[in-house]
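What's in target18.cif: mmCIF, C-alpha atoms
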data_my_file
#
loop_
_atom_site.label_atom_id
_atom_site.label_comp_id
_atom_site.auth_asym_id
_atom_site.auth_seq_id
_atom_site.Cartn_x
_atom_site.Cartn_y
_atom_site.Cartn_z
CA MET X 1 -57.16 81.78 16.88
CA ALA X 2 -55.25 79.50 19.21
CA VAL X 3 -53.66 81.14 22.18
CA PHE X 4 -50.30 79.71 23.37
CA PRO X 5 -49.48 79.65 27.12
CA HIS X 6 -46.52 81.96 26.87
CA THR X 7 -48.62 84.65 25.15
CA LEU X 8 -51.26 84.34 27.88
CA SER X 9 -48.75 84.70 30.73
CA SER X 10 -47.05 87.61 29.04
CA ARG X 11 -50.42 89.35 28.65
CA LEU X 12 -51.29 88.91 32.32
CA LEU X 13 -47.91 90.15 33.52
CA THR X 14 -46.70 93.39 32.05
CA GLY X 15 -43.52 95.28 32.38
CA TRP X 16 -40.14 93.84 33.33
CA VAL X 17 -41.59 90.81 35.11
CA GLY X 18 -43.77 89.93 32.14
CA GLY X 19 -40.77 90.13 29.78
CA CYS X 20 -38.74 87.77 32.00
CA VAL X 21 -41.58 85.26 32.22
CA TRP X 22 -42.08 85.40 28.47
CA TYR X 23 -38.34 84.71 27.83
CA LEU X 24 -38.24 81.78 30.26
CA GLU X 25 -41.39 80.21 28.85
CA ARG X 26 -40.16 80.50 25.27
CA ARG X 27 -36.75 79.03 26.13
CA ALA X 28 -38.35 76.07 27.94
CA ILE X 29 -40.59 75.32 24.94
CA LEU X 30 -37.65 75.50 22.47
CA GLU X 31 -35.33 73.28 24.55
CA SER X 32 -37.95 70.65 25.55
CA PRO X 33 -37.45 68.40 22.41
CA HIS X 34 -33.67 68.22 23.00
CA LYS X 35 -34.16 67.34 26.65
CA PHE X 36 -36.69 64.70 25.76
CA MET X 37 -34.30 63.06 23.25
CA HIS X 38 -31.44 63.21 25.74
CA LEU X 39 -33.65 61.68 28.41
CA PHE X 40 -34.73 58.90 26.02
CA ARG X 41 -31.11 58.08 25.20
CA ASN X 42 -30.18 57.90 28.85
CA VAL X 43 -33.16 55.71 29.61
CA ASN X 44 -32.29 53.46 26.69
CA LYS X 45 -28.72 53.07 27.94
CA GLN X 46 -29.94 52.35 31.43
CA TRP X 47 -32.36 49.71 30.04
CA ILE X 48 -29.52 47.87 28.20
CA THR X 49 -27.36 48.00 31.30
CA PHE X 50 -30.18 46.64 33.36
CA GLN X 51 -30.69 43.72 30.94
CA HIS X 52 -27.00 42.88 31.13
CA PHE X 53 -27.18 42.98 34.87
CA ASN X 54 -30.20 40.68 34.88
CA PHE X 55 -28.39 38.20 32.60
CA LEU X 56 -25.33 38.12 34.84
CA LYS X 57 -27.51 37.78 37.89
CA ARG X 58 -29.36 34.79 36.39
CA MET X 59 -26.06 33.17 35.41
CA TYR X 60 -24.73 33.61 38.93
CA VAL X 61 -27.89 32.23 40.51
CA THR X 62 -27.82 29.25 38.14
CA GLN X 63 -24.21 28.47 39.02
CA VAL X 64 -24.71 28.77 42.77
CA ASN X 65 -28.18 27.36 43.32
CA ARG X 66 -28.79 24.16 41.30
CA ILE X 67 -32.30 23.76 42.67
CA LEU X 68 -33.74 26.64 40.66
CA ASN X 69 -35.76 25.93 37.54
CA GLN X 70 -33.40 27.96 35.41
CA GLN X 71 -30.52 25.47 35.84
CA VAL X 72 -29.05 24.16 32.56
CA LYS X 73 -29.07 20.38 32.03
CA PRO X 74 -25.71 18.91 30.92
CA LYS X 75 -25.43 17.12 27.58
CA PRO X 76 -25.99 13.36 28.02
CA GLU X 77 -22.92 11.20 27.34
CA PRO X 78 -22.97 8.15 25.02
CA VAL X 79 -24.31 4.99 26.54
CA ALA X 80 -21.25 2.82 25.95
CA SER X 81 -18.60 5.27 27.09
CA PRO X 82 -18.72 4.53 30.85
CA PHE X 83 -18.17 0.87 30.15
CA PHE X 84 -15.11 1.51 27.98
CA GLU X 85 -13.54 4.25 30.07
CA LYS X 86 -14.36 3.40 33.71
CA MET X 87 -15.09 -0.29 33.68
CA SER X 88 -13.30 -3.32 32.35
CA SER X 89 -15.02 -5.67 29.94
CA GLY X 90 -15.61 -8.22 32.74
CA GLU X 91 -17.30 -5.67 34.98
CA ALA X 92 -19.39 -4.44 32.06
CA LYS X 93 -20.58 -7.96 31.28
CA ALA X 94 -21.37 -8.55 34.98
CA GLU X 95 -23.45 -5.36 34.97
CA ILE X 96 -25.26 -6.51 31.84
CA ASP X 97 -26.00 -9.90 33.40
CA GLU X 98 -27.37 -8.09 36.45
CA MET X 99 -29.62 -5.98 34.26
CA LYS X 100 -30.81 -9.11 32.44
CA SER X 101 -31.52 -10.97 35.70
CA LEU X 102 -33.44 -8.01 37.03
CA SER X 103 -35.41 -7.46 33.85
CA SER X 104 -36.22 -11.08 32.99
CA PRO X 105 -38.34 -11.93 36.11
CA SER X 106 -40.30 -8.76 35.70
CA LEU X 107 -41.41 -9.94 32.26
CA SER X 108 -44.11 -12.40 33.22
CA LEU X 109 -45.84 -14.64 30.71
CA SER X 110 -49.30 -13.58 31.77
CA ARG X 111 -48.92 -9.98 30.63
CA LYS X 112 -47.34 -8.16 27.78
CA PRO X 113 -44.07 -6.38 28.52
CA SER X 114 -44.33 -2.65 28.94
CA GLU X 115 -42.54 -0.21 26.69
CA LYS X 116 -40.09 0.75 29.43
CA GLU X 117 -39.08 -2.87 30.03
CA LEU X 118 -38.55 -3.44 26.32
CA ILE X 119 -36.32 -0.38 26.12
CA GLU X 120 -34.25 -1.66 29.05
CA VAL X 121 -33.74 -5.06 27.43
CA GLU X 122 -32.82 -3.49 24.07
CA SER X 123 -30.37 -1.11 25.73
CA ALA X 124 -28.76 -4.02 27.58
CA SER X 125 -28.27 -5.95 24.32
CA VAL X 126 -26.87 -2.84 22.60
CA ILE X 127 -24.41 -2.30 25.46
CA GLU X 128 -23.34 -5.94 25.36
CA SER X 129 -22.69 -5.83 21.61
CA SER X 130 -20.78 -2.56 21.95
CA VAL X 131 -18.63 -4.09 24.72
CA ASP X 132 -17.83 -7.09 22.50
CA VAL X 133 -16.93 -4.84 19.56
CA GLY X 134 -14.73 -2.70 21.77
CA LYS X 135 -12.97 -5.77 23.12
CA GLU X 136 -12.33 -7.13 19.61
CA ALA X 137 -10.97 -3.77 18.43
CA LYS X 138 -8.69 -3.59 21.46
CA GLU X 139 -7.38 -7.11 20.81
CA GLU X 140 -6.69 -6.26 17.15
CA LYS X 141 -4.62 -3.22 18.12
CA GLN X 142 -2.49 -5.16 20.57
CA TRP X 143 0.75 -6.80 19.44
CA LYS X 144 0.45 -10.54 19.15
CA GLU X 145 3.17 -13.11 19.09
CA MET X 146 3.01 -15.11 15.87
CA LYS X 147 3.00 -18.83 16.57
CA LEU X 148 4.60 -21.01 13.93
CA HIS X 149 2.81 -24.26 13.23
CA LEU X 150 4.64 -27.11 11.55
CA ASP X 151 1.81 -27.53 9.05
CA ASP X 152 2.31 -23.95 7.79
CA LEU X 153 6.11 -24.15 7.61
CA PRO X 154 6.41 -25.69 4.09
CA GLY X 155 4.20 -23.02 2.56
CA ILE X 156 6.04 -20.23 4.38
CA LEU X 157 9.43 -21.52 3.27
CA ALA X 158 8.14 -21.89 -0.29
CA ARG X 159 7.15 -18.22 -0.32
CA LEU X 160 10.43 -17.25 1.31
CA SER X 161 12.39 -18.99 -1.43
CA LYS X 162 10.11 -17.64 -4.23
CA ILE X 163 9.27 -21.12 -5.40
CA LYS X 164 7.86 -19.99 -8.79
CA LEU X 165 11.02 -18.05 -9.64
CA THR X 166 13.10 -21.00 -8.47
CA ALA X 167 11.12 -23.31 -10.75
CA LEU X 168 11.86 -20.99 -13.70
CA VAL X 169 15.57 -21.01 -12.84
CA VAL X 170 15.63 -24.82 -12.67
CA SER X 171 13.78 -25.09 -15.99
CA THR X 172 16.32 -22.87 -17.77
CA THR X 173 19.14 -24.93 -16.23
CA SER X 174 17.49 -28.09 -17.51
CA ALA X 175 17.16 -26.56 -20.97
CA GLY X 176 20.85 -25.67 -20.98
CA PHE X 177 21.76 -29.22 -19.96
CA ALA X 178 19.50 -30.73 -22.64
CA LEU X 179 20.82 -28.43 -25.41
CA ALA X 180 24.46 -29.24 -24.67
CA PRO X 181 26.16 -31.67 -27.05
CA GLY X 182 26.90 -35.16 -25.84
CA PRO X 183 24.92 -38.00 -24.26
CA PHE X 184 22.24 -37.22 -21.69
CA ASP X 185 23.44 -38.24 -18.22
CA TRP X 186 20.44 -38.59 -15.89
CA PRO X 187 22.27 -38.65 -12.51
CA CYS X 188 24.29 -35.57 -13.46
CA PHE X 189 21.12 -33.86 -14.71
CA LEU X 190 19.28 -34.50 -11.42
CA LEU X 191 22.21 -33.33 -9.31
CA ALA X 192 22.61 -30.17 -11.40
CA SER X 193 18.87 -29.37 -11.19
CA LEU X 194 18.73 -30.01 -7.43
CA GLY X 195 21.89 -28.01 -6.72
CA THR X 196 20.72 -25.08 -8.84
CA GLY X 197 17.31 -25.10 -7.12
CA LEU X 198 18.88 -25.06 -3.66
CA ALA X 199 21.22 -22.22 -4.65
CA SER X 200 18.25 -20.24 -5.99
CA CYS X 201 16.28 -20.81 -2.77
CA ALA X 202 19.24 -19.56 -0.71
CA ALA X 203 19.69 -16.43 -2.84
CA ASN X 204 15.98 -15.55 -2.74
CA SER X 205 15.79 -16.05 1.03
CA ILE X 206 18.78 -13.77 1.67
CA ASN X 207 17.27 -11.20 -0.70
CA GLN X 208 14.04 -11.12 1.31
CA PHE X 209 16.01 -10.91 4.56
CA PHE X 210 17.77 -7.74 3.36
CA GLU X 211 14.65 -6.08 1.93
CA VAL X 212 12.18 -6.39 4.84
CA PRO X 213 11.99 -2.61 5.60
CA PHE X 214 11.43 -1.80 1.92
CA ASP X 215 9.06 -4.66 1.12
CA SER X 216 6.72 -3.48 3.88
CA ASN X 217 6.05 -0.27 1.89
CA MET X 218 5.02 -2.08 -1.29
CA ASN X 219 1.64 -3.64 -1.98
CA ARG X 220 3.23 -6.42 -4.04
CA THR X 221 5.60 -7.56 -1.28
CA LYS X 222 3.93 -6.54 1.98
CA ASN X 223 2.58 -10.07 2.56
CA ARG X 224 5.94 -11.82 2.43
CA PRO X 225 6.70 -14.07 5.43
CA LEU X 226 9.41 -11.89 6.98
CA VAL X 227 7.38 -8.70 6.54
CA ARG X 228 4.34 -10.22 8.26
CA GLY X 229 6.48 -11.78 10.99
CA GLN X 230 5.43 -15.34 10.21
CA ILE X 231 9.01 -16.51 10.73
CA SER X 232 11.96 -14.94 12.49
CA PRO X 233 14.96 -13.50 10.59
CA LEU X 234 17.15 -16.09 12.29
CA LEU X 235 15.06 -18.90 10.83
CA ALA X 236 15.20 -17.28 7.38
CA VAL X 237 19.00 -16.99 7.47
CA SER X 238 19.30 -20.54 8.80
CA PHE X 239 17.11 -21.81 5.97
CA ALA X 240 19.23 -19.91 3.43
CA ALA X 241 22.41 -21.43 4.85
CA CYS X 242 20.87 -24.92 4.84
CA CYS X 243 20.06 -24.47 1.14
CA ALA X 244 23.29 -22.77 0.04
CA VAL X 245 25.79 -25.19 1.59
CA PRO X 246 24.36 -28.46 0.22
CA GLY X 247 23.43 -26.81 -3.07
CA VAL X 248 26.98 -25.58 -3.73
CA ALA X 249 28.36 -28.90 -2.49
CA LEU X 250 26.19 -30.84 -4.95
CA LEU X 251 27.20 -28.60 -7.84
CA THR X 252 30.91 -28.74 -6.96
CA TRP X 253 31.45 -32.38 -6.04
CA GLY X 254 28.40 -33.97 -7.61
CA VAL X 255 28.64 -32.23 -11.00
CA ASN X 256 31.93 -30.37 -11.59
CA PRO X 257 33.88 -27.51 -9.97
CA LEU X 258 33.07 -25.08 -12.81
CA THR X 259 29.33 -25.41 -12.23
CA GLY X 260 29.85 -25.06 -8.46
CA ALA X 261 31.88 -21.88 -9.01
CA LEU X 262 29.11 -20.46 -11.22
CA GLY X 263 26.59 -21.26 -8.46
CA ILE X 264 28.64 -19.43 -5.83
CA PHE X 265 29.16 -16.50 -8.20
CA ASN X 266 25.42 -16.23 -8.90
CA ILE X 267 24.48 -16.28 -5.20
CA PHE X 268 27.03 -13.54 -4.52
CA LEU X 269 25.92 -11.48 -7.53
CA TYR X 270 22.25 -11.65 -6.56
CA THR X 271 22.58 -11.01 -2.82
CA CYS X 272 25.60 -8.69 -2.58
CA CYS X 273 25.41 -6.75 -5.87
CA TYR X 274 21.90 -6.78 -7.31
CA THR X 275 20.01 -6.39 -4.00
CA PRO X 276 21.81 -3.22 -2.75
CA LEU X 277 21.98 -1.75 -6.28
CA LYS X 278 18.17 -1.73 -6.45
CA ARG X 279 18.17 1.34 -4.18
CA MET X 280 21.24 3.01 -5.67
CA SER X 281 21.25 2.89 -9.48
CA ILE X 282 19.27 1.73 -12.49
CA ALA X 283 22.27 -0.47 -13.32
CA ASN X 284 20.61 -3.08 -11.10
CA THR X 285 18.48 -4.15 -14.08
CA TRP X 286 21.55 -5.12 -16.11
CA VAL X 287 23.11 -6.91 -13.12
CA GLY X 288 19.85 -8.76 -12.52
CA ALA X 289 19.79 -9.80 -16.18
CA VAL X 290 23.24 -11.35 -15.75
CA VAL X 291 21.95 -13.25 -12.69
CA GLY X 292 19.12 -14.66 -14.81
CA ALA X 293 21.46 -15.57 -17.65
CA VAL X 294 23.79 -17.74 -15.51
CA PRO X 295 21.47 -20.78 -14.84
CA PRO X 296 21.33 -22.04 -18.49
CA VAL X 297 25.10 -21.61 -18.65
CA MET X 298 25.34 -23.76 -15.50
CA GLY X 299 23.24 -26.43 -17.21
CA TRP X 300 25.55 -26.39 -20.25
CA THR X 301 28.70 -26.61 -18.11
CA ALA X 302 27.16 -29.41 -16.05
CA ALA X 303 26.75 -31.48 -19.23
CA THR X 304 30.03 -30.58 -20.98
CA GLY X 305 32.35 -29.42 -18.21
CA SER X 306 33.45 -26.44 -20.33
CA LEU X 307 32.29 -22.92 -21.14
CA ASP X 308 31.63 -23.04 -24.91
CA ALA X 309 30.09 -20.63 -27.37
CA GLY X 310 26.76 -22.45 -27.08
CA ALA X 311 26.65 -21.72 -23.36
CA LEU X 312 27.23 -18.03 -24.04
CA LEU X 313 24.48 -18.09 -26.69
CA LEU X 314 21.97 -19.53 -24.21
CA GLY X 315 23.03 -16.97 -21.62
CA GLY X 316 22.60 -14.20 -24.20
CA ILE X 317 19.05 -15.34 -25.03
CA LEU X 318 18.08 -15.36 -21.34
CA TYR X 319 19.85 -12.01 -20.85
CA SER X 320 17.90 -10.29 -23.65
CA TRP X 321 14.58 -11.91 -22.75
CA GLN X 322 14.65 -10.45 -19.22
CA PHE X 323 14.53 -6.82 -20.35
CA PRO X 324 11.09 -6.89 -22.04
CA HIS X 325 9.88 -9.19 -19.27
CA PHE X 326 11.04 -7.11 -16.30
CA ASN X 327 10.65 -3.65 -17.84
CA ALA X 328 7.04 -4.39 -18.75
CA LEU X 329 6.42 -5.74 -15.24
CA SER X 330 8.04 -2.75 -13.50
CA TRP X 331 6.06 -0.29 -15.66
CA GLY X 332 2.83 -1.34 -13.94
CA LEU X 333 4.50 -1.22 -10.51
CA ARG X 334 6.08 2.24 -10.72
CA GLU X 335 4.12 3.60 -7.75
CA ASP X 336 5.05 0.55 -5.70
CA TYR X 337 8.75 0.78 -6.53
CA SER X 338 8.91 4.51 -5.80
CA ARG X 339 7.11 3.95 -2.49
CA GLY X 340 9.59 1.24 -1.57
CA GLY X 341 12.59 3.42 -2.46
CA TYR X 342 13.83 1.32 -5.38
CA CYS X 343 15.69 2.96 -8.25
CA MET X 344 14.15 1.43 -11.36
CA MET X 345 14.26 2.53 -14.98
CA SER X 346 10.47 2.69 -15.11
CA VAL X 347 10.49 5.22 -12.25
CA THR X 348 13.51 7.41 -12.98
CA HIS X 349 14.05 6.90 -16.76
CA PRO X 350 10.72 5.84 -18.33
CA GLY X 351 11.86 6.58 -21.89
CA LEU X 352 15.01 4.49 -21.48
CA CYS X 353 12.92 1.68 -19.98
CA ARG X 354 10.80 1.41 -23.14
CA ARG X 355 13.76 1.75 -25.52
CA VAL X 356 15.75 -0.99 -23.77
CA ALA X 357 12.75 -3.33 -23.86
CA LEU X 358 12.29 -2.81 -27.62
CA ARG X 359 16.01 -3.10 -28.29
CA HIS X 360 16.29 -6.50 -26.63
CA CYS X 361 13.10 -7.78 -28.28
CA LEU X 362 14.82 -7.20 -31.62
CA ALA X 363 18.05 -8.71 -30.27
CA LEU X 364 16.24 -12.02 -29.74
CA VAL X 365 15.81 -12.32 -33.53
CA GLY X 366 19.55 -11.97 -34.09
CA LEU X 367 20.44 -14.41 -31.31
CA CYS X 368 18.13 -17.04 -32.79
CA VAL X 369 19.86 -16.61 -36.15
CA ALA X 370 23.24 -17.11 -34.43
CA ALA X 371 22.17 -20.48 -32.96
CA PRO X 372 22.73 -22.53 -36.17
CA VAL X 373 25.92 -20.61 -36.89
CA LEU X 374 27.36 -21.85 -33.57
CA ASP X 375 26.14 -25.40 -34.26
CA VAL X 376 23.65 -25.37 -31.41
CA THR X 377 20.54 -25.84 -33.59
CA THR X 378 19.70 -26.46 -37.21
CA TRP X 379 18.74 -23.72 -39.64
CA ALA X 380 15.11 -24.54 -39.12
CA PHE X 381 15.20 -22.89 -35.71
CA PRO X 382 15.53 -19.25 -36.92
CA VAL X 383 12.63 -19.86 -39.30
CA VAL X 384 10.20 -21.43 -36.83
CA SER X 385 11.10 -18.98 -34.06
CA LEU X 386 10.70 -15.93 -36.29
CA PRO X 387 6.89 -15.52 -35.81
CA ILE X 388 7.03 -15.46 -32.00
CA ASN X 389 10.09 -13.19 -32.08
CA LEU X 390 8.35 -10.80 -34.45
CA TYR X 391 5.24 -10.82 -32.26
CA ILE X 392 7.13 -9.96 -29.09
CA SER X 393 9.01 -7.28 -31.05
CA TYR X 394 5.69 -5.82 -32.20
CA LEU X 395 4.44 -5.72 -28.60
CA GLY X 396 7.73 -4.11 -27.57
CA PHE X 397 7.19 -1.45 -30.24
CA ARG X 398 3.63 -0.82 -29.04
CA PHE X 399 4.96 -0.48 -25.49
CA TYR X 400 7.59 1.98 -26.72
CA LYS X 401 5.01 4.10 -28.59
CA ASP X 402 2.00 3.96 -26.26
CA ALA X 403 3.78 3.95 -22.88
CA ASP X 404 0.69 2.81 -20.99
CA ARG X 405 -0.31 -0.01 -18.69
CA LYS X 406 -2.26 -1.86 -21.36
CA SER X 407 0.70 -2.25 -23.71
CA SER X 408 3.08 -3.13 -20.86
CA ARG X 409 0.69 -5.79 -19.59
CA LYS X 410 0.44 -7.37 -23.05
CA LEU X 411 4.22 -7.44 -23.39
CA PHE X 412 4.64 -8.97 -19.93
CA PHE X 413 2.14 -11.78 -20.51
CA CYS X 414 3.64 -12.49 -23.92
CA SER X 415 7.07 -12.89 -22.32
CA LEU X 416 5.65 -15.53 -19.95
CA TRP X 417 4.89 -17.96 -22.78
CA HIS X 418 7.56 -16.73 -25.21
CA LEU X 419 10.55 -18.13 -23.30
CA PRO X 420 9.23 -21.69 -22.71
CA LEU X 421 8.12 -21.91 -26.33
CA LEU X 422 11.45 -20.60 -27.60
CA LEU X 423 13.43 -23.12 -25.53
CA LEU X 424 11.12 -25.91 -26.68
CA LEU X 425 11.73 -24.96 -30.31
CA MET X 426 15.48 -24.95 -29.64
CA LEU X 427 15.25 -28.48 -28.22
CA THR X 428 13.21 -29.59 -31.22
CA CYS X 429 15.75 -28.14 -33.67
CA LYS X 430 18.82 -29.24 -31.72
CA ARG X 431 21.73 -30.39 -33.86
CA ARG X 432 22.39 -34.08 -33.31
CA PRO X 433 26.11 -34.87 -33.04
CA GLY X 434 25.60 -38.49 -34.14
CA LYS X 435 24.25 -37.50 -37.54
CA ASP X 436 27.17 -35.18 -38.16
CA GLY X 437 29.61 -37.98 -37.24
CA ASP X 438 27.91 -40.35 -39.65
CA LYS X 439 28.16 -37.77 -42.44
CA GLU X 440 31.89 -37.23 -41.77
CA ASP X 441 32.48 -41.01 -41.82
CA ALA X 442 30.63 -41.32 -45.13
CA GLN X 443 32.65 -38.49 -46.72
CA SER X 444 35.91 -40.06 -45.59
#
Structure rendered as structure tokens:
Amino acid sequence: MAVFPHTLSSRLLTGWVGGCVWYLERRAILESPHKFMHLFRNVNKQWITFQHFNFLKRMYVTQVNRILNQQVKPKPEPVASPFFEKMSSGEAKAEIDEMKSLSSPSLSLSRKPSEKELIEVESASVIESSVDVGKEAKEEKQWKEMKLHLDDLPGILARLSKIKLTALVVSTTSAGFALAPGPFDWPCFLLASLGTGLASCAANSINQFFEVPFDSNMNRTKNRPLVRGQISPLLAVSFAACCAVPGVALLTWGVNPLTGALGIFNIFLYTCCYTPLKRMSIANTWVGAVVGAVPPVMGWTAATGSLDAGALLLGGILYSWQFPHFNALSWGLREDYSRGGYCMMSVTHPGLCRRVALRHCLALVGLCVAAPVLDVTTWAFPVVSLPINLYISYLGFRFYKDADRKSSRKLFFCSLWHLPLLLLLMLTCKRRPGKDGDKEDAQS
């Protein structure tokens, strides 16, 4: 049987002293686990505190004494940054040349270059290329003064005057002159075409002058001459004035006052009404259609000197043709127009945009039927023009139903060849006044 220490001491000491010893021994044995755990916890806390103290001490020593092995190495900076931040490009190139001059003699022909020397040469070439790239990027960001060369001036002025649109305007004026009754007067025809072209160039130039802040936000117009700064606004306005004054003078005194008045009215309508309305109301489309309908009327008045029903018929055909043409074009440019801040039917009223396009496609059929009634063409014209009018009406219907870019693109490209072909058919089926006079003489 095992004998515990407290039993042995209590056996040796009897009486009151033995009882006290036995009580103290038993109490010490019972409380020893708790003291041990308490001591362990205290030691553990002191160990953590000591580790923290060691960490702080090492940090302090590292900060104060940089010679110790425990010092932390800083992160290396990029190679090209000192050249861009602290040195100019000239100093950087001088440093590179120095490095090259130092490294090139060391590379003798009798021995192979060491790895260290190769690394130095490669680093020098990398630094040189990075300096060149940085210099080019810096030059691109800087503002540059655009220099105007005389060789580029005709092309810039052609884009300023929208030469393609001007050519379309002149062609419709020529068609109006050719469709008018009476003999064909070549000098009057040339003066009317030249005056109308100059008036169109003036109107387009003033339009671009007013719309520079808005054209810069559109992908379609951001490369125009005034937006890119290829010419100054003063030069653009001067060019517009140099086109408007002789153009109106030719139409007024070279042709007749009525045609000159129509030219002035069209310039005013395009620059002072249509241009500001583009950012205010969708009514700009109807005003713009009137602007496009005036040139054939000017051609008719240049030939006859009067505003007849035939002139109004030609203006009506051009007026109706512009809605499928422009509405289909604007449908594919809705994001561009909204970014530029223009109020177009395709952006604000897409359903109305498609309905108006279809409505005026069908109106072209009725206007072609009215041509022989007003003695402009023979009755063959409504028959031969019916297929192309039905085709553009079908495309207008598909655009109205589908309302997508594919149908709008088809309608737009159809309108590009529809108008020239329609005017050509009108010229082919034109009523000849001589034949009618011969018939009246024979009846009498």
*Can you find the residues with an atom no farther than 9 Å from (16.6, -19.8, -13.0), counting all atoms listed in the file, and report them as a count of residues only?*
18
Taking the file as shown, find all residues satisfying the PyMOL selection byres ((chain X and resi 410) around 12) and write them as a PyMOL selection string. chain X and resi 324-325+328-329+331-332+391-399+402-409+411-418
Problem set entry | Protein, DNA and RNA residues within 12 Å of (8.4, -2.5, -13.0), only C-alpha atoms, as a ChimeraX atom specification | /X:220,278,282,285,322-338,342-350,353-354,357,405,408-409,412
Shortest interatomic distance to X:Leu386 - which of X:Leu367, X:Asn219, X:Leu374, X:Ala199, counting all atoms listed in the file: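 For X:Leu386, the nearest of the candidates is X:Leu367.
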For this session: Find the residues near X:Leu423: any atom within 10 Å, counting all atoms listed in the file, skip ones fewer than 2 places away on the same chain, and give them as a PyMOL selection string.
Result: chain X and resi 171-172+175-176+179+314+317-318+385+418-421+425-429
To one decimal in Å, tell me the separation between atom CA of X:Leu160 and atom CA of X:Ser205.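 Rounded to one decimal, the two atoms are 5.5 Å apart.
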Checklist entry - atom CA of X:Ala363 and atom CA of X:Pro387, how far apart in Å? => result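 We find that atom CA of X:Pro387 and atom CA of X:Ala363 lie 14.2 Å from each other.
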